[in-house]
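input.pdb follows; it contains PDB, C-alpha atoms and all ligand atoms.
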```
ATOM      1  CA  MET J   1      80.568 184.720 110.864
ATOM      2  CA  LYS J   2      82.247 188.047 110.104
ATOM      3  CA  ILE J   3      85.771 187.810 108.641
ATOM      4  CA  LYS J   4      87.243 189.986 111.439
ATOM      5  CA  HIS J   5      85.742 187.629 114.048
ATOM      6  CA  LEU J   6      87.125 184.618 112.248
ATOM      7  CA  LEU J   7      90.592 186.210 112.138
ATOM      8  CA  SER J   8      90.386 187.021 115.821
ATOM      9  CA  LEU J   9      89.467 183.392 116.643
ATOM     10  CA  ILE J  10      92.356 182.171 114.485
ATOM     11  CA  CYS J  11      94.759 184.500 116.400
ATOM     12  CA  PHE J  12      93.362 183.148 119.669
ATOM     13  CA  GLY J  13      93.973 179.589 118.458
ATOM     14  CA  ILE J  14      97.545 180.291 117.326
ATOM     15  CA  SER J  15      98.505 182.053 120.571
ATOM     16  CA  THR J  16      96.867 179.287 122.652
ATOM     17  CA  ILE J  17      98.875 176.623 120.826
ATOM     18  CA  LEU J  18     102.207 178.447 120.743
ATOM     19  CA  LEU J  19     102.100 179.792 124.291
ATOM     20  CA  LYS J  20     100.291 176.719 125.712
ATOM     21  CA  ARG J  21      97.731 179.085 127.240
ATOM     22  CA  LYS J  22      94.718 177.970 129.239
ATOM     23  CA  LYS J  23      92.568 181.038 128.557
ATOM     24  CA  PRO J  24      88.918 180.184 127.726
ATOM     25  CA  ILE J  25      87.182 181.228 124.491
ATOM     26  CA  LEU J  26      83.876 179.350 124.803
ATOM     27  CA  GLY J  27      81.479 180.048 127.664
ATOM     28  CA  THR J  28      78.187 178.402 128.540
ATOM     29  CA  ILE J  29      75.668 180.026 130.845
ATOM     30  CA  ILE J  30      73.027 177.754 132.313
ATOM     31  CA  LEU J  31      69.823 179.759 132.581
ATOM     32  CA  THR J  32      67.720 177.302 134.560
ATOM     33  CA  ASP J  33      67.686 173.692 135.667
ATOM     34  CA  TYR J  34      63.907 173.605 135.148
ATOM     35  CA  CYS J  35      62.825 171.323 132.329
ATOM     36  CA  ASN J  36      59.493 170.140 130.928
ATOM     37  CA  LEU J  37      61.038 166.745 130.065
ATOM     38  CA  SER J  38      62.664 164.003 132.034
ATOM     39  CA  CYS J  39      64.968 162.220 129.621
ATOM     40  CA  LYS J  40      66.385 158.820 130.517
ATOM     41  CA  HIS J  41      70.011 159.910 130.141
ATOM     42  CA  CYS J  42      69.714 163.238 131.968
ATOM     43  CA  ALA J  43      71.301 164.020 135.318
ATOM     44  CA  VAL J  44      70.806 167.779 135.461
ATOM     45  CA  ASN J  45      67.088 168.521 135.154
ATOM     46  CA  ASN J  46      64.753 169.807 137.857
ATOM     47  CA  ILE J  47      67.194 169.529 140.753
ATOM     48  CA  ASN J  48      66.116 172.897 142.232
ATOM     49  CA  ARG J  49      63.641 173.910 139.485
ATOM     50  CA  GLN J  50      65.187 177.323 139.545
ATOM     51  CA  MET J  51      65.183 180.137 136.970
ATOM     52  CA  PHE J  52      68.429 182.013 137.546
ATOM     53  CA  SER J  53      68.093 185.770 137.782
ATOM     54  CA  TYR J  54      68.465 188.047 134.784
ATOM     55  CA  LYS J  55      70.758 190.254 136.864
ATOM     56  CA  SER J  56      73.243 187.445 137.552
ATOM     57  CA  ILE J  57      73.098 186.178 133.942
ATOM     58  CA  ARG J  58      73.701 189.666 132.530
ATOM     59  CA  LYS J  59      76.616 190.170 134.953
ATOM     60  CA  GLU J  60      78.152 186.832 133.914
ATOM     61  CA  MET J  61      77.787 187.702 130.214
ATOM     62  CA  GLU J  62      79.728 190.922 130.830
ATOM     63  CA  CYS J  63      82.383 189.103 132.902
ATOM     64  CA  PHE J  64      82.792 186.439 130.206
ATOM     65  CA  TYR J  65      83.282 189.090 127.549
ATOM     66  CA  LYS J  66      85.827 191.055 129.623
ATOM     67  CA  GLU J  67      87.742 187.807 130.165
ATOM     68  CA  GLY J  68      88.053 187.259 126.407
ATOM     69  CA  ILE J  69      85.269 184.723 125.834
ATOM     70  CA  ARG J  70      83.740 185.248 122.395
ATOM     71  CA  ILE J  71      81.579 182.170 121.794
ATOM     72  CA  LEU J  72      78.559 181.964 124.059
ATOM     73  CA  PHE J  73      76.054 179.162 124.633
ATOM     74  CA  PHE J  74      72.817 179.398 126.610
ATOM     75  CA  CYS J  75      71.715 176.068 128.104
ATOM     76  CA  GLY J  76      69.236 174.539 130.548
ATOM     77  CA  GLY J  77      67.264 172.613 131.826
ATOM     78  CA  GLU J  78      65.055 173.743 128.993
ATOM     79  CA  THR J  79      66.697 176.943 127.839
ATOM     80  CA  VAL J  80      63.729 178.553 126.097
ATOM     81  CA  LEU J  81      61.494 178.277 129.175
ATOM     82  CA  TRP J  82      63.753 180.736 130.983
ATOM     83  CA  GLN J  83      62.157 184.068 131.916
ATOM     84  CA  ASP J  84      63.011 186.660 134.544
ATOM     85  CA  SER J  85      62.459 190.383 135.082
ATOM     86  CA  GLY J  86      60.406 190.611 131.885
ATOM     87  CA  LYS J  87      63.260 189.116 129.830
ATOM     88  CA  ASN J  88      63.333 185.924 127.794
ATOM     89  CA  VAL J  89      65.942 184.026 125.783
ATOM     90  CA  LYS J  90      65.478 186.201 122.698
ATOM     91  CA  ASP J  91      66.402 189.243 124.822
ATOM     92  CA  LEU J  92      69.508 187.472 126.130
ATOM     93  CA  ILE J  93      70.673 186.548 122.617
ATOM     94  CA  ARG J  94      70.186 190.141 121.454
ATOM     95  CA  GLU J  95      72.025 191.522 124.477
ATOM     96  CA  ALA J  96      74.895 189.058 124.039
ATOM     97  CA  LYS J  97      75.309 190.247 120.446
ATOM     98  CA  GLU J  98      75.254 193.888 121.602
ATOM     99  CA  ILE J  99      77.944 193.118 124.182
ATOM    100  CA  GLY J 100      80.075 191.832 121.315
ATOM    101  CA  PHE J 101      80.065 188.013 121.392
ATOM    102  CA  TYR J 102      80.928 186.689 117.939
ATOM    103  CA  ILE J 103      78.749 183.584 118.115
ATOM    104  CA  VAL J 104      75.679 183.119 120.322
ATOM    105  CA  ASN J 105      74.048 179.687 120.361
ATOM    106  CA  ILE J 106      71.267 178.012 122.289
ATOM    107  CA  VAL J 107      70.627 174.377 123.206
ATOM    108  CA  THR J 108      66.996 173.282 123.367
ATOM    109  CA  ASN J 109      64.795 170.206 123.457
ATOM    110  CA  GLY J 110      62.605 171.810 120.770
ATOM    111  CA  THR J 111      59.271 171.095 122.434
ATOM    112  CA  VAL J 112      58.353 174.721 123.160
ATOM    113  CA  ASP J 113      59.528 176.855 120.249
ATOM    114  CA  LEU J 114      62.321 176.708 117.718
ATOM    115  CA  ASN J 115      61.836 180.068 116.125
ATOM    116  CA  PHE J 116      65.053 181.798 117.171
ATOM    117  CA  PRO J 117      66.534 183.435 114.091
ATOM    118  CA  GLU J 118      68.527 185.653 116.500
ATOM    119  CA  ALA J 119      70.746 182.686 117.461
ATOM    120  CA  ASP J 120      73.712 181.780 115.294
ATOM    121  CA  VAL J 121      73.052 178.082 115.839
ATOM    122  CA  ILE J 122      70.146 176.352 117.584
ATOM    123  CA  PHE J 123      71.337 172.988 118.907
ATOM    124  CA  LEU J 124      68.212 170.857 118.880
ATOM    125  CA  SER J 125      68.259 167.616 120.848
ATOM    126  CA  LEU J 126      66.893 164.733 118.820
ATOM    127  CA  ASP J 127      67.926 161.314 120.017
ATOM    128  CA  GLY J 128      67.137 158.865 117.241
ATOM    129  CA  ASN J 129      64.191 157.914 115.080
ATOM    130  CA  ARG J 130      60.645 158.253 116.419
ATOM    131  CA  LEU J 131      60.877 154.996 118.362
ATOM    132  CA  SER J 132      64.199 155.463 120.157
ATOM    133  CA  HIS J 133      63.784 159.223 120.616
ATOM    134  CA  ASN J 134      60.392 158.749 122.303
ATOM    135  CA  ILE J 135      61.752 155.999 124.555
ATOM    136  CA  ILE J 136      64.545 158.329 125.689
ATOM    137  CA  ARG J 137      62.733 161.682 125.721
ATOM    138  CA  GLY J 138      59.050 160.852 126.120
ATOM    139  CA  ASP J 139      56.461 161.211 123.377
ATOM    140  CA  THR J 140      57.924 164.368 121.843
ATOM    141  CA  TYR J 141      59.272 163.420 118.406
ATOM    142  CA  ASP J 142      56.284 164.603 116.343
ATOM    143  CA  LEU J 143      55.925 167.832 118.320
ATOM    144  CA  ILE J 144      59.606 168.655 117.734
ATOM    145  CA  LEU J 145      59.329 168.025 114.011
ATOM    146  CA  LYS J 146      56.224 170.225 113.896
ATOM    147  CA  ASN J 147      58.120 173.035 115.631
ATOM    148  CA  LEU J 148      61.045 172.420 113.290
ATOM    149  CA  SER J 149      58.924 172.923 110.194
ATOM    150  CA  ARG J 150      57.716 176.283 111.560
ATOM    151  CA  ALA J 151      61.184 177.627 112.374
ATOM    152  CA  GLU J 152      61.864 179.417 109.109
ATOM    153  CA  GLY J 153      65.172 181.160 108.605
ATOM    154  CA  CYS J 154      66.790 179.452 111.589
ATOM    155  CA  ASN J 155      70.164 177.700 111.567
ATOM    156  CA  ILE J 156      69.393 174.412 113.286
ATOM    157  CA  CYS J 157      71.916 171.761 114.233
ATOM    158  CA  ILE J 158      70.518 168.422 115.372
ATOM    159  CA  TYR J 159      72.243 167.425 118.584
ATOM    160  CA  MET J 160      72.120 163.671 119.131
ATOM    161  CA  ALA J 161      73.393 161.982 122.287
ATOM    162  CA  VAL J 162      74.322 158.483 121.136
ATOM    163  CA  ASN J 163      73.634 155.710 123.617
ATOM    164  CA  LYS J 164      72.710 152.035 123.899
ATOM    165  CA  LEU J 165      69.088 152.705 122.875
ATOM    166  CA  ASN J 166      69.708 154.711 119.720
ATOM    167  CA  TYR J 167      73.161 153.986 118.242
ATOM    168  CA  SER J 168      71.632 152.010 115.406
ATOM    169  CA  HIS J 169      69.487 155.021 114.400
ATOM    170  CA  ILE J 170      72.237 157.483 113.495
ATOM    171  CA  GLU J 171      71.453 157.203 109.772
ATOM    172  CA  ASP J 172      67.749 157.901 110.362
ATOM    173  CA  VAL J 173      68.606 161.170 112.073
ATOM    174  CA  CYS J 174      70.948 162.151 109.227
ATOM    175  CA  GLN J 175      68.171 161.508 106.681
ATOM    176  CA  LEU J 176      66.093 164.302 108.273
ATOM    177  CA  THR J 177      68.425 166.849 106.695
ATOM    178  CA  LYS J 178      66.890 165.898 103.352
ATOM    179  CA  GLU J 179      63.373 166.650 104.573
ATOM    180  CA  TYR J 180      63.946 169.873 106.529
ATOM    181  CA  SER J 181      65.805 172.671 104.798
ATOM    182  CA  ASN J 182      66.476 174.500 108.079
ATOM    183  CA  ILE J 183      68.506 171.583 109.491
ATOM    184  CA  ASN J 184      71.945 172.747 108.456
ATOM    185  CA  SER J 185      74.045 170.279 110.416
ATOM    186  CA  ILE J 186      74.131 167.373 112.853
ATOM    187  CA  SER J 187      76.347 167.092 115.885
ATOM    188  CA  PHE J 188      76.901 163.859 117.793
ATOM    189  CA  ASN J 189      77.880 163.270 121.389
ATOM    190  CA  PHE J 190      78.224 159.946 123.130
ATOM    191  CA  HIS J 191      76.570 159.145 126.410
ATOM    192  CA  THR J 192      78.608 160.142 129.450
ATOM    193  CA  PRO J 193      77.645 157.799 132.292
ATOM    194  CA  TYR J 194      76.382 160.045 135.080
ATOM    195  CA  LYS J 195      75.278 158.207 138.209
ATOM    196  CA  GLY J 196      72.060 156.332 137.524
ATOM    197  CA  THR J 197      72.544 156.341 133.744
ATOM    198  CA  GLU J 198      75.485 153.924 133.493
ATOM    199  CA  SER J 199      73.430 151.297 131.664
ATOM    200  CA  LEU J 200      73.142 153.588 128.612
ATOM    201  CA  ILE J 201      76.863 153.793 127.861
ATOM    202  CA  LEU J 202      78.049 151.966 124.742
ATOM    203  CA  ASN J 203      80.610 149.197 125.048
ATOM    204  CA  MET J 204      83.724 149.382 122.880
ATOM    205  CA  GLU J 205      82.254 147.374 120.005
ATOM    206  CA  GLU J 206      79.090 149.513 119.962
ATOM    207  CA  LYS J 207      81.200 152.700 120.004
ATOM    208  CA  ARG J 208      83.158 151.418 116.984
ATOM    209  CA  ILE J 209      79.917 150.668 115.122
ATOM    210  CA  ALA J 210      78.519 154.132 115.915
ATOM    211  CA  VAL J 211      81.743 155.904 114.933
ATOM    212  CA  SER J 212      81.951 153.980 111.693
ATOM    213  CA  THR J 213      78.338 154.961 110.889
ATOM    214  CA  ILE J 214      79.164 158.630 111.542
ATOM    215  CA  ARG J 215      82.239 158.333 109.288
ATOM    216  CA  LYS J 216      80.116 156.745 106.570
ATOM    217  CA  MET J 217      77.650 159.635 106.851
ATOM    218  CA  VAL J 218      80.498 162.159 106.476
ATOM    219  CA  LYS J 219      81.740 160.331 103.377
ATOM    220  CA  GLU J 220      78.230 160.367 101.919
ATOM    221  CA  GLY J 221      78.213 164.144 102.279
ATOM    222  CA  MET J 222      75.854 164.445 105.255
ATOM    223  CA  PRO J 223      76.376 167.772 107.076
ATOM    224  CA  ILE J 224      78.124 166.388 110.145
ATOM    225  CA  PHE J 225      79.357 169.131 112.480
ATOM    226  CA  ASN J 226      81.879 166.899 114.302
ATOM    227  CA  LEU J 227      85.561 166.786 113.404
ATOM    228  CA  TYR J 228      86.377 163.576 111.562
ATOM    229  CA  SER J 229      89.807 163.160 113.145
ATOM    230  CA  ALA J 230      88.462 163.656 116.686
ATOM    231  CA  LEU J 231      86.463 160.430 116.329
ATOM    232  CA  ASP J 232      89.709 158.460 116.432
ATOM    233  CA  ALA J 233      90.874 160.241 119.579
ATOM    234  CA  PHE J 234      87.472 159.543 121.136
ATOM    235  CA  LEU J 235      87.765 155.819 120.398
ATOM    236  CA  LYS J 236      91.333 155.653 121.695
ATOM    237  CA  ASN J 237      90.274 157.794 124.672
ATOM    238  CA  ASP J 238      93.706 159.393 124.709
ATOM    239  CA  TRP J 239      92.847 163.082 124.410
ATOM    240  CA  PRO J 240      93.854 165.596 127.089
ATOM    241  CA  ARG J 241      91.120 166.705 129.466
ATOM    242  CA  PRO J 242      89.596 168.792 130.943
ATOM    243  CA  CYS J 243      89.470 171.343 128.154
ATOM    244  CA  TYR J 244      90.568 174.667 129.676
ATOM    245  CA  GLN J 245      89.200 176.715 126.777
ATOM    246  CA  CYS J 246      85.586 175.949 127.776
ATOM    247  CA  ILE J 247      83.903 177.397 130.870
ATOM    248  CA  VAL J 248      80.442 176.654 132.224
ATOM    249  CA  SER J 249      78.666 178.973 134.630
ATOM    250  CA  GLU J 250      75.612 178.062 136.661
ATOM    251  CA  ASN J 251      74.119 180.414 139.221
ATOM    252  CA  ASN J 252      77.435 182.232 139.834
ATOM    253  CA  LYS J 253      79.471 179.059 140.093
ATOM    254  CA  ARG J 254      82.014 178.241 137.393
ATOM    255  CA  TYR J 255      83.412 174.983 136.092
ATOM    256  CA  ILE J 256      86.291 174.348 133.695
ATOM    257  CA  CYS J 257      85.152 172.268 130.694
ATOM    258  CA  GLY J 258      81.784 171.144 132.104
ATOM    259  CA  ARG J 259      79.875 170.756 135.361
ATOM    260  CA  CYS J 260      80.758 167.078 135.083
ATOM    261  CA  VAL J 261      84.376 167.972 135.979
ATOM    262  CA  GLN J 262      83.480 167.755 139.653
ATOM    263  CA  ILE J 263      82.295 164.124 139.450
ATOM    264  CA  ASP J 264      85.100 161.722 140.349
ATOM    265  CA  GLY J 265      86.196 159.534 137.439
ATOM    266  CA  LEU J 266      83.578 160.826 134.947
ATOM    267  CA  CYS J 267      86.063 162.621 132.668
ATOM    268  CA  LYS J 268      87.751 159.285 131.929
ATOM    269  CA  GLU J 269      84.491 158.145 130.330
ATOM    270  CA  CYS J 270      83.623 161.449 128.675
ATOM    271  CA  GLY J 271      81.498 161.191 125.544
ATOM    272  CA  TYR J 272      81.205 164.904 124.808
ATOM    273  CA  LEU J 273      82.799 165.142 121.381
ATOM    274  CA  PHE J 274      82.986 168.955 121.604
ATOM    275  CA  ALA J 275      85.368 168.535 124.551
ATOM    276  CA  VAL J 276      87.484 166.092 122.534
ATOM    277  CA  GLU J 277      87.475 168.470 119.564
ATOM    278  CA  PHE J 278      88.260 171.673 121.445
ATOM    279  CA  SER J 279      90.918 169.935 123.438
ATOM    280  CA  LEU J 280      92.671 168.643 120.291
ATOM    281  CA  LEU J 281      92.357 172.007 118.532
ATOM    282  CA  CYS J 282      93.825 173.948 121.422
ATOM    283  CA  LYS J 283      96.746 171.513 121.665
ATOM    284  CA  GLY J 284      97.560 172.191 118.019
ATOM    285  CA  ASN J 285      96.499 168.812 116.610
ATOM    286  CA  ILE J 286      97.039 169.315 112.872
ATOM    287  CA  PRO J 287      94.369 166.909 111.476
ATOM    288  CA  ALA J 288      91.793 168.446 113.861
ATOM    289  CA  ILE J 289      92.730 171.957 112.700
ATOM    290  CA  PHE J 290      92.253 170.971 109.040
ATOM    291  CA  ASP J 291      88.924 169.321 109.847
ATOM    292  CA  MET J 292      87.847 172.417 111.759
ATOM    293  CA  LEU J 293      88.564 174.632 108.758
ATOM    294  CA  LYS J 294      86.420 172.292 106.646
ATOM    295  CA  THR J 295      83.482 171.954 109.038
ATOM    296  CA  TYR J 296      82.960 174.653 111.689
ATOM    297  CA  ILE J 297      83.163 177.511 109.216
ATOM    298  CA  LYS J 298      80.598 175.828 106.962
ATOM    299  CA  TYR J 299      77.900 175.492 109.615
ATOM    300  CA  VAL J 300      78.241 178.564 111.884
TER     301      VAL J 300
HETATM  302  S1  LIG C 401      65.556 168.120 127.719
HETATM  303 FE1  LIG C 401      67.698 168.325 128.348
HETATM  304  S2  LIG C 401      67.615 169.138 130.440
HETATM  305 FE2  LIG C 401      65.562 168.383 129.938
HETATM  306  S3  LIG C 401      65.504 166.322 130.771
HETATM  307 FE3  LIG C 401      66.105 166.166 128.606
HETATM  308  S4  LIG C 401      68.360 166.185 128.586
HETATM  309 FE4  LIG C 401      67.662 166.920 130.606
HETATM  310  S1  LIG C 402      86.148 166.138 129.991
HETATM  311 FE1  LIG C 402      84.906 167.977 130.232
HETATM  312  S2  LIG C 402      82.962 167.538 129.185
HETATM  313 FE2  LIG C 402      84.022 165.595 129.525
HETATM  314  S3  LIG C 402      83.194 164.788 131.449
HETATM  315 FE3  LIG C 402      85.069 165.966 131.934
HETATM  316  S4  LIG C 402      84.366 168.027 132.388
HETATM  317 FE4  LIG C 402      82.690 166.963 131.341
END
```
Represent the structure of the file as structure tokens.
Amino acid sequence: MKIKHLLSLICFGISTILLKRKKPILGTIILTDYCNLSCKHCAVNNINRQMFSYKSIRKEMECFYKEGIRILFFCGGETVLWQDSGKNVKDLIREAKEIGFYIVNIVTNGTVDLNFPEADVIFLSLDGNRLSHNIIRGDTYDLILKNLSRAEGCNICIYMAVNKLNYSHIEDVCQLTKEYSNINSISFNFHTPYKGTESLILNMEEKRIAVSTIRKMVKEGMPIFNLYSALDAFLKNDWPRPCYQCIVSENNKRYICGRCVQIDGLCKECGYLFAVEFSLLCKGNIPAIFDMLKTYIKYV
């Protein structure tokens, strides 16, 4: 990240905390709900099987930027399958950079292609070791690792959604960083129980075990992208939500924090650690700010 961008984000953070502002800084644009997978924990794939138009995505990128958003995520469905008007995800990343976004990231299931050196961070979903990942995401583990080994020069962050089927495999996922030099970090989320996926949520004891494994991994020097202090707030479930600094846009409709905000009662059981982390940071939580200085800057 450029120093001037970092300083600008720090100014945003200070003014948000001091003036208790609700202005967003992080925007996510969903490009499509079409996906080539059908993961057990997913509630958003293939509802309309729609690729959203380039025109509307471009317009939303410009609106986001004018509104002060500087960190941009592209998501799906399967993000890298998106195409419209002769454009693909690589074009969108390039255009987002030209518009002026400081950080442009993508989230992908890694089954199509992982070669996106244009992105600042590629968040690659990998949900356990071969056994648990394949139970959750279909027989895709080996294909993803093959694509991973071909993605030279890319900044890849493994993105694991921890649930009942895989919480004992957190260490296995961390070990991959030793085998693949382009895995620069690992980010954990916990399962959020969308309708039909409630059986995958961890009970309190299982959450404690998973959190203590993540803490152990941090202490052993594994490149964990999450904020150490936010894990406590997650366990206590006492963090303020929704997080007003994050906006999600899908097909011209916007949501504060996440699309999940519209589902009654779901925020109380939120497992998205990024929401916990951003929320704490923007409220001026001192331990979270120190952790952020130690972690985010290292991996972006
Ligand atoms: S890859 Fe992502 S969008 Fe597709 S089914 Fe799995 S979780 Fe859902
Ligand atoms: S707090 Fe935010 S990320 Fe969590 S469930 Fe609610 S809207 Fe979704």
Expected residue set, 12 Å radius at (56.6, 172.7, 111.7), only C-alpha atoms, as a ChimeraX atom specification: /J:110-115,141-152,179-182
Per residue of chain J within 9 Å of ligand LIG 401 (chain C), record the nearest atom pair and its distance in Å to one decimal, counting all atoms listed in the file, with rows in chain order and ascending residue number, as JSON lines.
```
{"residue": "J:Asp33", "atom": "CA", "partner": "C:LIG401", "partner_atom": "S2", "distance": 6.9}
{"residue": "J:Tyr34", "atom": "CA", "partner": "C:LIG401", "partner_atom": "S2", "distance": 7.5}
{"residue": "J:Cys35", "atom": "CA", "partner": "C:LIG401", "partner_atom": "FE2", "distance": 4.7}
{"residue": "J:Asn36", "atom": "CA", "partner": "C:LIG401", "partner_atom": "FE2", "distance": 6.4}
{"residue": "J:Leu37", "atom": "CA", "partner": "C:LIG401", "partner_atom": "S3", "distance": 4.5}
{"residue": "J:Ser38", "atom": "CA", "partner": "C:LIG401", "partner_atom": "S3", "distance": 3.9}
{"residue": "J:Cys39", "atom": "CA", "partner": "C:LIG401", "partner_atom": "FE3", "distance": 4.2}
{"residue": "J:Lys40", "atom": "CA", "partner": "C:LIG401", "partner_atom": "S3", "distance": 7.6}
{"residue": "J:His41", "atom": "CA", "partner": "C:LIG401", "partner_atom": "S4", "distance": 6.7}
{"residue": "J:Cys42", "atom": "CA", "partner": "C:LIG401", "partner_atom": "FE4", "distance": 4.4}
{"residue": "J:Ala43", "atom": "CA", "partner": "C:LIG401", "partner_atom": "FE4", "distance": 6.6}
{"residue": "J:Val44", "atom": "CA", "partner": "C:LIG401", "partner_atom": "FE4", "distance": 5.8}
{"residue": "J:Asn45", "atom": "CA", "partner": "C:LIG401", "partner_atom": "S2", "distance": 4.8}
{"residue": "J:Asn46", "atom": "CA", "partner": "C:LIG401", "partner_atom": "S3", "distance": 7.9}
{"residue": "J:Cys75", "atom": "CA", "partner": "C:LIG401", "partner_atom": "S2", "distance": 8.4}
{"residue": "J:Gly76", "atom": "CA", "partner": "C:LIG401", "partner_atom": "S2", "distance": 5.6}
{"residue": "J:Gly77", "atom": "CA", "partner": "C:LIG401", "partner_atom": "S2", "distance": 3.8}
{"residue": "J:Glu78", "atom": "CA", "partner": "C:LIG401", "partner_atom": "S2", "distance": 5.5}
{"residue": "J:Thr79", "atom": "CA", "partner": "C:LIG401", "partner_atom": "S2", "distance": 8.3}
{"residue": "J:Val107", "atom": "CA", "partner": "C:LIG401", "partner_atom": "FE1", "distance": 8.5}
{"residue": "J:Thr108", "atom": "CA", "partner": "C:LIG401", "partner_atom": "S1", "distance": 6.9}
{"residue": "J:Asn109", "atom": "CA", "partner": "C:LIG401", "partner_atom": "S1", "distance": 4.8}
{"residue": "J:Gly110", "atom": "CA", "partner": "C:LIG401", "partner_atom": "S1", "distance": 8.4}
{"residue": "J:Thr111", "atom": "CA", "partner": "C:LIG401", "partner_atom": "S1", "distance": 8.7}
{"residue": "J:Ser125", "atom": "CA", "partner": "C:LIG401", "partner_atom": "S1", "distance": 7.4}
{"residue": "J:Ile136", "atom": "CA", "partner": "C:LIG401", "partner_atom": "FE3", "distance": 8.5}
{"residue": "J:Arg137", "atom": "CA", "partner": "C:LIG401", "partner_atom": "FE3", "distance": 6.3}
```
Suppose a student applies the PyMOL selection byres (((chain J and resi 265-281) around 10) and not hetatm) to this structure; what residues should they get, written as a ChimeraX atom specification? /J:13-14,16-17,26,161-163,187-195,201-202,225-231,233-235,237-246,257-258,260-264,282-292
How about saving the chosen residues, C-alpha atoms kept, as a PDB file, in the coordinates of the input?
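Once written, part_21.pdb looks like this:
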```pdb
ATOM      1  CA  GLY J  13      93.973 179.589 118.458  1.00  0.00           C
ATOM      2  CA  ILE J  14      97.545 180.291 117.326  1.00  0.00           C
ATOM      3  CA  THR J  16      96.867 179.287 122.652  1.00  0.00           C
ATOM      4  CA  ILE J  17      98.875 176.623 120.826  1.00  0.00           C
ATOM      5  CA  LEU J  26      83.876 179.350 124.803  1.00  0.00           C
ATOM      6  CA  ALA J 161      73.393 161.982 122.287  1.00  0.00           C
ATOM      7  CA  VAL J 162      74.322 158.483 121.136  1.00  0.00           C
ATOM      8  CA  ASN J 163      73.634 155.710 123.617  1.00  0.00           C
ATOM      9  CA  SER J 187      76.347 167.092 115.885  1.00  0.00           C
ATOM     10  CA  PHE J 188      76.901 163.859 117.793  1.00  0.00           C
ATOM     11  CA  ASN J 189      77.880 163.270 121.389  1.00  0.00           C
ATOM     12  CA  PHE J 190      78.224 159.946 123.130  1.00  0.00           C
ATOM     13  CA  HIS J 191      76.570 159.145 126.410  1.00  0.00           C
ATOM     14  CA  THR J 192      78.608 160.142 129.450  1.00  0.00           C
ATOM     15  CA  PRO J 193      77.645 157.799 132.292  1.00  0.00           C
ATOM     16  CA  TYR J 194      76.382 160.045 135.080  1.00  0.00           C
ATOM     17  CA  LYS J 195      75.278 158.207 138.209  1.00  0.00           C
ATOM     18  CA  ILE J 201      76.863 153.793 127.861  1.00  0.00           C
ATOM     19  CA  LEU J 202      78.049 151.966 124.742  1.00  0.00           C
ATOM     20  CA  PHE J 225      79.357 169.131 112.480  1.00  0.00           C
ATOM     21  CA  ASN J 226      81.879 166.899 114.302  1.00  0.00           C
ATOM     22  CA  LEU J 227      85.561 166.786 113.404  1.00  0.00           C
ATOM     23  CA  TYR J 228      86.377 163.576 111.562  1.00  0.00           C
ATOM     24  CA  SER J 229      89.807 163.160 113.145  1.00  0.00           C
ATOM     25  CA  ALA J 230      88.462 163.656 116.686  1.00  0.00           C
ATOM     26  CA  LEU J 231      86.463 160.430 116.329  1.00  0.00           C
ATOM     27  CA  ALA J 233      90.874 160.241 119.579  1.00  0.00           C
ATOM     28  CA  PHE J 234      87.472 159.543 121.136  1.00  0.00           C
ATOM     29  CA  LEU J 235      87.765 155.819 120.398  1.00  0.00           C
ATOM     30  CA  ASN J 237      90.274 157.794 124.672  1.00  0.00           C
ATOM     31  CA  ASP J 238      93.706 159.393 124.709  1.00  0.00           C
ATOM     32  CA  TRP J 239      92.847 163.082 124.410  1.00  0.00           C
ATOM     33  CA  PRO J 240      93.854 165.596 127.089  1.00  0.00           C
ATOM     34  CA  ARG J 241      91.120 166.705 129.466  1.00  0.00           C
ATOM     35  CA  PRO J 242      89.596 168.792 130.943  1.00  0.00           C
ATOM     36  CA  CYS J 243      89.470 171.343 128.154  1.00  0.00           C
ATOM     37  CA  TYR J 244      90.568 174.667 129.676  1.00  0.00           C
ATOM     38  CA  GLN J 245      89.200 176.715 126.777  1.00  0.00           C
ATOM     39  CA  CYS J 246      85.586 175.949 127.776  1.00  0.00           C
ATOM     40  CA  CYS J 257      85.152 172.268 130.694  1.00  0.00           C
ATOM     41  CA  GLY J 258      81.784 171.144 132.104  1.00  0.00           C
ATOM     42  CA  CYS J 260      80.758 167.078 135.083  1.00  0.00           C
ATOM     43  CA  VAL J 261      84.376 167.972 135.979  1.00  0.00           C
ATOM     44  CA  GLN J 262      83.480 167.755 139.653  1.00  0.00           C
ATOM     45  CA  ILE J 263      82.295 164.124 139.450  1.00  0.00           C
ATOM     46  CA  ASP J 264      85.100 161.722 140.349  1.00  0.00           C
ATOM     47  CA  CYS J 282      93.825 173.948 121.422  1.00  0.00           C
ATOM     48  CA  LYS J 283      96.746 171.513 121.665  1.00  0.00           C
ATOM     49  CA  GLY J 284      97.560 172.191 118.019  1.00  0.00           C
ATOM     50  CA  ASN J 285      96.499 168.812 116.610  1.00  0.00           C
ATOM     51  CA  ILE J 286      97.039 169.315 112.872  1.00  0.00           C
ATOM     52  CA  PRO J 287      94.369 166.909 111.476  1.00  0.00           C
ATOM     53  CA  ALA J 288      91.793 168.446 113.861  1.00  0.00           C
ATOM     54  CA  ILE J 289      92.730 171.957 112.700  1.00  0.00           C
ATOM     55  CA  PHE J 290      92.253 170.971 109.040  1.00  0.00           C
ATOM     56  CA  ASP J 291      88.924 169.321 109.847  1.00  0.00           C
ATOM     57  CA  MET J 292      87.847 172.417 111.759  1.00  0.00           C
TER      58      MET J 292
END
```
Which residues are close to Glu62 of chain J, i.e. within 9 Å by all atoms listed in the file, leaving aside same-chain residues fewer than 5 positions away? Reply as an NGL selection string. :J and (57 or 67 or 96 or 99)
Next, write the just-selected residues to a file, as a PDB file, in the coordinates of the input, keeping C-alpha atoms as the atom set.
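Final output, out_32.pdb:
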```
ATOM      1  CA  ILE J  57      73.098 186.178 133.942  1.00  0.00           C
ATOM      2  CA  GLU J  67      87.742 187.807 130.165  1.00  0.00           C
ATOM      3  CA  ALA J  96      74.895 189.058 124.039  1.00  0.00           C
ATOM      4  CA  ILE J  99      77.944 193.118 124.182  1.00  0.00           C
TER       5      ILE J  99
END
```
